[in-house]
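Novice: Pasting upload_26.cif below, which is mmCIF, C-alpha atoms.
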```
data_work
loop_
_atom_site.label_atom_id
_atom_site.label_comp_id
_atom_site.auth_asym_id
_atom_site.auth_seq_id
_atom_site.Cartn_x
_atom_site.Cartn_y
_atom_site.Cartn_z
CA MET A 277 57.31 -40.59 30.65
CA GLN A 278 57.51 -41.96 27.10
CA GLU A 279 57.86 -45.42 28.52
CA ASN A 280 54.67 -44.93 30.54
CA ILE A 281 52.77 -43.67 27.50
CA PHE A 282 54.05 -46.61 25.45
CA ALA A 283 53.02 -48.99 28.20
CA LEU A 284 49.54 -47.46 28.37
CA VAL A 285 49.19 -47.66 24.59
CA GLN A 286 50.35 -51.25 24.61
CA GLN A 287 48.06 -52.09 27.52
CA TYR A 288 44.86 -50.33 26.43
CA ALA A 289 45.04 -48.72 22.99
CA LEU A 290 46.28 -51.71 21.01
CA PRO A 291 43.74 -54.17 22.48
CA LEU A 292 41.01 -51.59 21.82
CA PHE A 293 42.25 -51.13 18.27
CA TRP A 294 42.26 -54.89 17.64
CA ALA A 295 38.84 -55.26 19.22
CA ILE A 296 37.38 -52.54 16.97
CA LEU A 297 39.11 -54.10 13.95
CA VAL A 298 37.62 -57.51 14.80
CA LEU A 299 34.17 -55.93 15.14
CA VAL A 300 34.41 -54.08 11.82
CA ILE A 301 35.83 -56.96 9.82
CA GLY A 302 33.58 -59.48 11.57
CA ARG A 303 30.50 -57.38 10.77
CA LEU A 304 31.51 -57.18 7.10
CA ILE A 305 32.07 -60.94 6.94
CA ALA A 306 28.76 -61.61 8.74
CA LYS A 307 26.91 -59.42 6.22
CA MET A 308 28.66 -61.12 3.31
CA LEU A 309 27.85 -64.62 4.60
CA THR A 310 24.28 -63.60 5.34
CA GLY A 311 23.92 -62.37 1.76
CA ILE A 312 25.25 -65.68 0.45
CA ILE A 313 22.80 -67.60 2.62
CA ARG A 314 19.92 -65.41 1.45
CA LYS A 315 20.80 -65.86 -2.24
CA SER A 316 21.23 -69.61 -1.83
CA MET A 317 17.85 -69.98 -0.12
CA LYS A 318 16.10 -67.84 -2.71
CA ARG A 319 17.75 -69.87 -5.47
CA ALA A 320 16.32 -72.98 -3.82
CA ALA A 321 12.83 -71.36 -3.99
CA ILE A 322 12.42 -71.36 -0.20
CA ASP A 323 9.58 -69.31 1.23
CA ASP A 324 10.46 -65.62 1.80
CA THR A 325 9.30 -65.80 5.43
CA LEU A 326 11.75 -68.56 6.21
CA VAL A 327 14.53 -66.84 4.23
CA SER A 328 14.13 -63.64 6.23
CA PHE A 329 13.99 -65.41 9.57
CA ALA A 330 16.91 -67.76 8.85
CA THR A 331 19.18 -64.96 7.62
CA ASN A 332 18.38 -62.82 10.66
CA VAL A 333 19.14 -65.70 13.03
CA ALA A 334 22.39 -66.46 11.16
CA TYR A 335 23.46 -62.81 11.31
CA VAL A 336 22.75 -62.52 15.04
CA ALA A 337 24.65 -65.76 15.74
CA MET A 338 27.67 -64.61 13.73
CA MET A 339 27.68 -61.20 15.37
CA ALA A 340 27.53 -62.86 18.82
CA PHE A 341 30.65 -64.83 17.88
CA VAL A 342 32.35 -61.65 16.61
CA PHE A 343 31.42 -59.80 19.80
CA ILE A 344 32.91 -62.56 21.96
CA ALA A 345 36.07 -62.53 19.83
CA ALA A 346 36.35 -58.74 20.26
CA LEU A 347 35.99 -59.09 24.03
CA GLY A 348 38.82 -61.59 23.94
CA LYS A 349 41.05 -58.97 22.31
CA LEU A 350 40.27 -56.65 25.22
CA GLY A 351 41.47 -59.29 27.64
CA VAL A 352 38.04 -60.28 28.89
CA GLU A 353 37.72 -63.93 29.92
CA THR A 354 35.44 -65.16 27.14
CA THR A 355 35.07 -68.69 28.50
CA SER A 356 32.96 -67.55 31.44
CA PHE A 357 31.15 -65.06 29.22
CA ALA A 358 30.27 -67.77 26.70
CA ALA A 359 29.10 -70.00 29.54
CA LEU A 360 26.91 -67.16 30.80
CA LEU A 361 25.41 -66.71 27.34
CA ALA A 362 24.79 -70.46 27.08
CA ALA A 363 23.08 -70.50 30.48
CA ALA A 364 20.95 -67.51 29.54
CA GLY A 365 20.06 -69.16 26.25
CA LEU A 366 19.05 -72.36 28.04
CA ALA A 367 16.88 -70.44 30.50
CA ILE A 368 15.20 -68.54 27.69
CA GLY A 369 14.72 -71.75 25.73
CA LEU A 370 13.06 -73.51 28.68
CA SER A 371 10.72 -70.58 29.25
CA LEU A 372 9.78 -70.48 25.57
CA GLN A 373 9.31 -74.20 24.93
CA ASP A 374 5.89 -73.80 23.36
CA SER A 375 7.04 -70.89 21.18
CA LEU A 376 10.10 -72.81 20.02
CA SER A 377 7.92 -75.82 19.26
CA ASN A 378 5.59 -73.62 17.20
CA PHE A 379 8.59 -72.09 15.46
CA ALA A 380 9.98 -75.53 14.54
CA SER A 381 6.53 -76.53 13.28
CA GLY A 382 6.35 -73.33 11.22
CA VAL A 383 9.68 -74.16 9.59
CA ILE A 384 8.38 -77.66 8.78
CA LEU A 385 5.19 -76.23 7.24
CA ILE A 386 7.15 -73.77 5.11
CA LEU A 387 9.74 -76.34 4.00
CA PHE A 388 7.49 -79.32 3.27
CA ARG A 389 4.39 -77.40 2.14
CA PRO A 390 1.55 -79.73 3.16
CA PHE A 391 -0.68 -76.80 2.23
CA LYS A 392 -0.39 -73.24 0.95
CA ALA A 393 -2.30 -69.99 1.22
CA GLY A 394 -5.70 -70.35 -0.41
CA ASP A 395 -6.10 -74.08 0.34
CA PHE A 396 -9.10 -75.38 2.23
CA ILE A 397 -7.79 -77.57 5.04
CA GLU A 398 -8.82 -79.29 8.23
CA ALA A 399 -6.09 -79.23 10.88
CA GLY A 400 -5.68 -78.46 14.56
CA SER A 401 -9.43 -79.06 15.13
CA VAL A 402 -10.17 -76.21 12.71
CA ALA A 403 -11.45 -76.19 9.12
CA GLY A 404 -11.20 -73.28 6.72
CA ILE A 405 -9.19 -71.48 4.05
CA VAL A 406 -5.52 -70.79 4.80
CA GLU A 407 -4.83 -67.07 4.64
CA GLU A 408 -1.23 -66.89 5.85
CA ILE A 409 1.45 -69.26 7.15
CA GLN A 410 3.56 -67.49 9.74
CA ILE A 411 6.58 -68.69 11.73
CA PHE A 412 4.65 -69.33 14.95
CA SER A 413 1.04 -69.66 13.79
CA THR A 414 -1.23 -70.04 10.78
CA LYS A 415 -4.18 -67.78 9.95
CA ILE A 416 -7.29 -69.66 8.80
CA ARG A 417 -10.60 -68.15 7.63
CA SER A 418 -13.59 -70.24 8.61
CA GLY A 419 -16.63 -70.80 6.41
CA ASP A 420 -18.56 -68.09 8.26
CA ASN A 421 -15.69 -65.61 7.73
CA LYS A 422 -14.02 -65.76 11.13
CA GLU A 423 -10.24 -65.39 11.38
CA ILE A 424 -8.74 -68.22 13.44
CA ILE A 425 -5.11 -68.18 14.60
CA VAL A 426 -3.87 -71.74 15.07
CA PRO A 427 -0.45 -72.43 16.68
CA ASN A 428 1.71 -74.34 14.21
CA GLY A 429 2.48 -76.99 16.82
CA GLN A 430 -1.19 -78.00 16.90
CA ILE A 431 -1.22 -78.33 13.12
CA THR A 432 1.87 -80.50 12.71
CA GLY A 433 1.02 -82.49 15.84
CA GLY A 434 -2.16 -83.92 14.29
CA THR A 435 -3.70 -84.99 11.02
CA ILE A 436 -3.78 -82.46 8.18
CA THR A 437 -6.52 -82.87 5.58
CA ASN A 438 -5.99 -80.71 2.49
CA TYR A 439 -9.18 -80.62 0.44
CA SER A 440 -7.57 -78.41 -2.21
CA ALA A 441 -4.48 -80.54 -2.86
CA LYS A 442 -6.02 -82.50 -5.73
CA GLU A 443 -7.74 -81.15 -8.82
CA THR A 444 -10.72 -83.48 -8.50
CA ARG A 445 -12.90 -84.79 -5.68
CA ARG A 446 -15.53 -87.48 -5.39
CA ILE A 447 -19.00 -86.72 -4.08
CA ASP A 448 -20.39 -89.52 -1.93
CA LEU A 449 -24.17 -89.62 -1.83
CA VAL A 450 -26.43 -92.28 -0.30
CA ILE A 451 -29.88 -92.23 -1.91
CA GLY A 452 -32.59 -94.33 -0.32
CA VAL A 453 -35.68 -95.58 -2.18
CA GLY A 454 -38.63 -97.72 -1.12
CA TYR A 455 -38.65 -101.50 -1.27
CA GLY A 456 -41.61 -101.30 -3.60
CA ASP A 457 -39.87 -99.12 -6.20
CA ASP A 458 -38.47 -100.43 -9.49
CA LEU A 459 -34.71 -100.60 -8.84
CA LYS A 460 -33.84 -100.68 -12.55
CA LYS A 461 -35.84 -97.50 -13.08
CA VAL A 462 -34.12 -95.88 -10.09
CA ARG A 463 -30.70 -96.70 -11.54
CA THR A 464 -31.69 -95.34 -14.96
CA VAL A 465 -33.00 -92.08 -13.48
CA LEU A 466 -29.85 -91.59 -11.43
CA GLN A 467 -27.68 -92.22 -14.51
CA GLU A 468 -29.67 -89.64 -16.51
CA ILE A 469 -29.31 -87.07 -13.74
CA LEU A 470 -25.53 -87.51 -13.67
CA GLN A 471 -25.26 -87.44 -17.46
CA ASN A 472 -27.22 -84.18 -17.63
CA GLU A 473 -25.03 -82.50 -15.00
CA THR A 474 -22.26 -80.93 -17.08
CA ARG A 475 -19.98 -80.42 -14.09
CA VAL A 476 -19.79 -84.16 -13.41
CA LEU A 477 -16.59 -85.56 -14.95
CA LYS A 478 -16.66 -88.36 -17.52
CA ASP A 479 -13.27 -89.62 -16.38
CA PRO A 480 -13.27 -91.11 -13.81
CA GLU A 481 -16.76 -92.41 -14.49
CA PRO A 482 -19.46 -91.94 -11.86
CA THR A 483 -20.35 -94.97 -9.77
CA ILE A 484 -23.92 -96.02 -9.04
CA GLY A 485 -24.31 -99.17 -6.99
CA LEU A 486 -26.72 -100.79 -4.55
CA LEU A 487 -25.06 -100.07 -1.24
CA GLU A 488 -27.29 -101.85 1.27
CA LEU A 489 -30.73 -103.17 2.06
CA GLY A 490 -31.60 -100.96 4.99
CA GLU A 491 -34.30 -101.28 7.62
CA SER A 492 -36.74 -99.05 5.77
CA SER A 493 -35.07 -98.31 2.41
CA VAL A 494 -32.93 -99.69 -0.39
CA ASN A 495 -29.83 -97.49 -0.43
CA PHE A 496 -27.88 -96.63 -3.55
CA ALA A 497 -24.33 -95.26 -3.49
CA VAL A 498 -24.04 -92.40 -5.99
CA ARG A 499 -20.42 -91.29 -6.44
CA PRO A 500 -19.66 -88.80 -9.21
CA TRP A 501 -16.28 -87.04 -9.65
CA VAL A 502 -16.09 -83.27 -10.03
CA ALA A 503 -13.49 -80.51 -10.11
CA THR A 504 -12.51 -79.58 -6.56
CA ALA A 505 -13.85 -76.04 -7.00
CA ASP A 506 -17.28 -77.46 -8.02
CA TYR A 507 -17.64 -79.86 -5.10
CA TRP A 508 -20.13 -77.98 -2.93
CA PRO A 509 -22.27 -76.46 -5.72
CA VAL A 510 -22.66 -79.84 -7.43
CA LEU A 511 -23.36 -81.60 -4.11
CA PHE A 512 -26.21 -79.20 -3.32
CA ASP A 513 -27.63 -79.20 -6.85
CA LEU A 514 -27.55 -82.98 -7.26
CA GLN A 515 -29.51 -83.59 -4.07
CA GLU A 516 -32.18 -81.10 -5.09
CA THR A 517 -32.36 -82.48 -8.63
CA ILE A 518 -32.66 -86.08 -7.40
CA LYS A 519 -35.52 -85.19 -5.05
CA LEU A 520 -37.44 -83.27 -7.72
CA ARG A 521 -36.86 -85.94 -10.37
CA PHE A 522 -37.94 -88.74 -8.03
CA ASP A 523 -41.13 -86.82 -7.28
CA ASP A 524 -41.85 -86.56 -11.02
CA GLU A 525 -41.09 -90.26 -11.59
CA GLY A 526 -43.12 -91.44 -8.62
CA ILE A 527 -40.08 -92.86 -6.83
CA SER A 528 -40.37 -92.72 -3.08
CA ILE A 529 -37.71 -91.61 -0.66
CA PRO A 530 -38.77 -93.36 2.54
CA PHE A 531 -38.10 -92.22 6.07
CA PRO A 532 -37.64 -94.44 9.11
CA GLN A 533 -40.92 -95.88 10.36
CA ARG A 534 -42.26 -98.68 12.53
CA ASP A 535 -45.29 -100.91 12.04
CA LEU A 536 -47.26 -101.40 15.23
CA HIS A 537 -49.27 -104.63 15.42
CA ILE A 538 -51.92 -104.83 18.13
CA VAL A 539 -53.09 -108.29 19.06
CA SER A 540 -56.45 -108.34 20.84
CA GLY A 541 -57.14 -110.91 23.49
CA ASN A 542 -58.86 -111.50 26.75
CA VAL A 543 -57.19 -110.37 29.86
CA ALA A 544 -57.55 -112.91 32.70
#
```
Would you write the structure of this file as structure tokens?
Specialist:
Amino acid sequence: MQENIFALVQQYALPLFWAILVLVIGRLIAKMLTGIIRKSMKRAAIDDTLVSFATNVAYVAMMAFVFIAALGKLGVETTSFAALLAAAGLAIGLSLQDSLSNFASGVILILFRPFKAGDFIEAGSVAGIVEEIQIFSTKIRSGDNKEIIVPNGQITGGTITNYSAKETRRIDLVIGVGYGDDLKKVRTVLQEILQNETRVLKDPEPTIGLLELGESSVNFAVRPWVATADYWPVLFDLQETIKLRFDDEGISIPFPQRDLHIVSGNVA
């Protein structure tokens, strides 16, 4: 009888004890390693979203290893079990290709920071202010206050234009005047307008140059530099100021036109 009990204990109780011990100790070690990973990532100033996701993934992976090790203590054939997990993981991965691609793109965006929340960008065929960078998608607020959710894969898969990355921006204006206008006077008036606009930066200096002799106008390139935050207000104000000042100075702003010449003659 005692021999039977001892045999049962040896056959079932001890493996169960070791399996539970592996689970307990493994869980403690997994938590400890996860804490180390979290502290290391925070010390490296990595985004909190990525820190949370990476530590969760690491913990789940370690616990899966611990669980397989515990099954081994119970006498379960872990080789076939691991193969089953791998096959299931492959199937899930194939079915979630797009999501995994967006996840990888989200990690890239968080790590390399081509833009941050609050930046005005153009990416993924969308332009607007970045509200939030998530693991799978990015929230962008359009100019007319619509919330647009863009998959991260579309963002990293194309060109990203960050209009807020630099402190200054250049305004590119093309101002056309008539062929009969005094070009020296036009240049002087444009220089005065830029000098009187306090938001136009002195360094770099604004550029005023004759850009082209068009079909119906002489076109000047007017390129002042402004603080990025002042770009649109200065752009709007400069165009209005130039039009009003040209009206006062008698400088014409021509529009496309055609001269029609009629030649009279006898029709045979």
Novice: Find the distance between atom CA of Gly302 of chain A and atom CA of Met338 of chain A and write it in Å to one decimal.
Specialist: 8.1 Å
Novice: With only C-alpha atoms as the basis for distance, which of A:Ala337, A:Leu290, A:Leu514, A:Ile386 is at the shortest distance from Lys307 of chain A?
Specialist: A:Ala337
Novice: Can you work out which one of A:Ile518, A:Leu486, A:Ala441, A:Leu511 has the shortest atom-to-atom distance to Glu398 of chain A, counting only C-alpha atoms?
Specialist: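 The answer is A:Ala441, which sits nearest to Glu398 of chain A.
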Novice: Point out the residue among A:Gln471, A:Thr464, A:Ser328, A:Ser401 with the least atom-to-atom distance to Ile436 of chain A, counting only C-alpha atoms.
Specialist: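 Of the candidates, the smallest distance to Ile436 of chain A is held by A:Ser401.
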Novice: Residue by residue, what does the PyMOL selection byres ((chain A and resi 483) around 7) grab here? Present the result as a compact mmCIF listing (two decimals) with C-alpha atoms, in the frame of the given file.
Specialist:
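Saved file expr.txt follows:
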```txt
# COMPACT_ATOMS: atom_id res chain seq x y z
CA GLU A 481 -16.76 -92.41 -14.49
CA PRO A 482 -19.46 -91.94 -11.86
CA ILE A 484 -23.92 -96.02 -9.04
CA GLY A 485 -24.31 -99.17 -6.99
CA VAL A 498 -24.04 -92.40 -5.99
CA ARG A 499 -20.42 -91.29 -6.44
CA PRO A 500 -19.66 -88.80 -9.21
```
Novice: Can you measure atom CA of Phe496 of chain A to atom CA of Val450 of chain A for me? One decimal in Å is fine.
Specialist: 5.6 Å
Novice: Pick the closest to Val510 of chain A from A:Val494, A:Ile529, A:Val476, A:His537: which is it, counting all atoms listed in the file?
Specialist: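 Under the stated criterion, the closest residue is A:Val476.
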Novice: Name the residues that the PyMOL selection byres ((chain A and resi 299) around 10) picks from the file above, as a ChimeraX atom specification, using the file's chain letters and numbers.
Specialist: /A:293-298,300-305,339,341-347
Novice: For segment 308-319 of chain A, work out the shell of residues within 7 Å, counting all atoms listed in the file and skipping chain neighbours fewer than 4 positions away, then give it as a ChimeraX atom specification.
Specialist: /A:304,327,331,334-335
Novice: Work out where the centre of an axis-aligned box around every listed atom of segment 483-497 of chain A lies and how long its edges are once 3 Å is added on each side; give both in Å to one decimal as lines of an AutoDock Vina configuration file.
Specialist:
```
center_x = -28.5
center_y = -99.1
center_z = -1.1
size_x = 22.4
size_y = 14.2
size_z = 23.4
```
Novice: Take atom CA of Ala497 of chain A and atom CA of Ile451 of chain A and report the distance between them in Å, one decimal.
Specialist: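 For atom CA of Ala497 of chain A relative to atom CA of Ile451 of chain A, the distance reads 6.5 Å.
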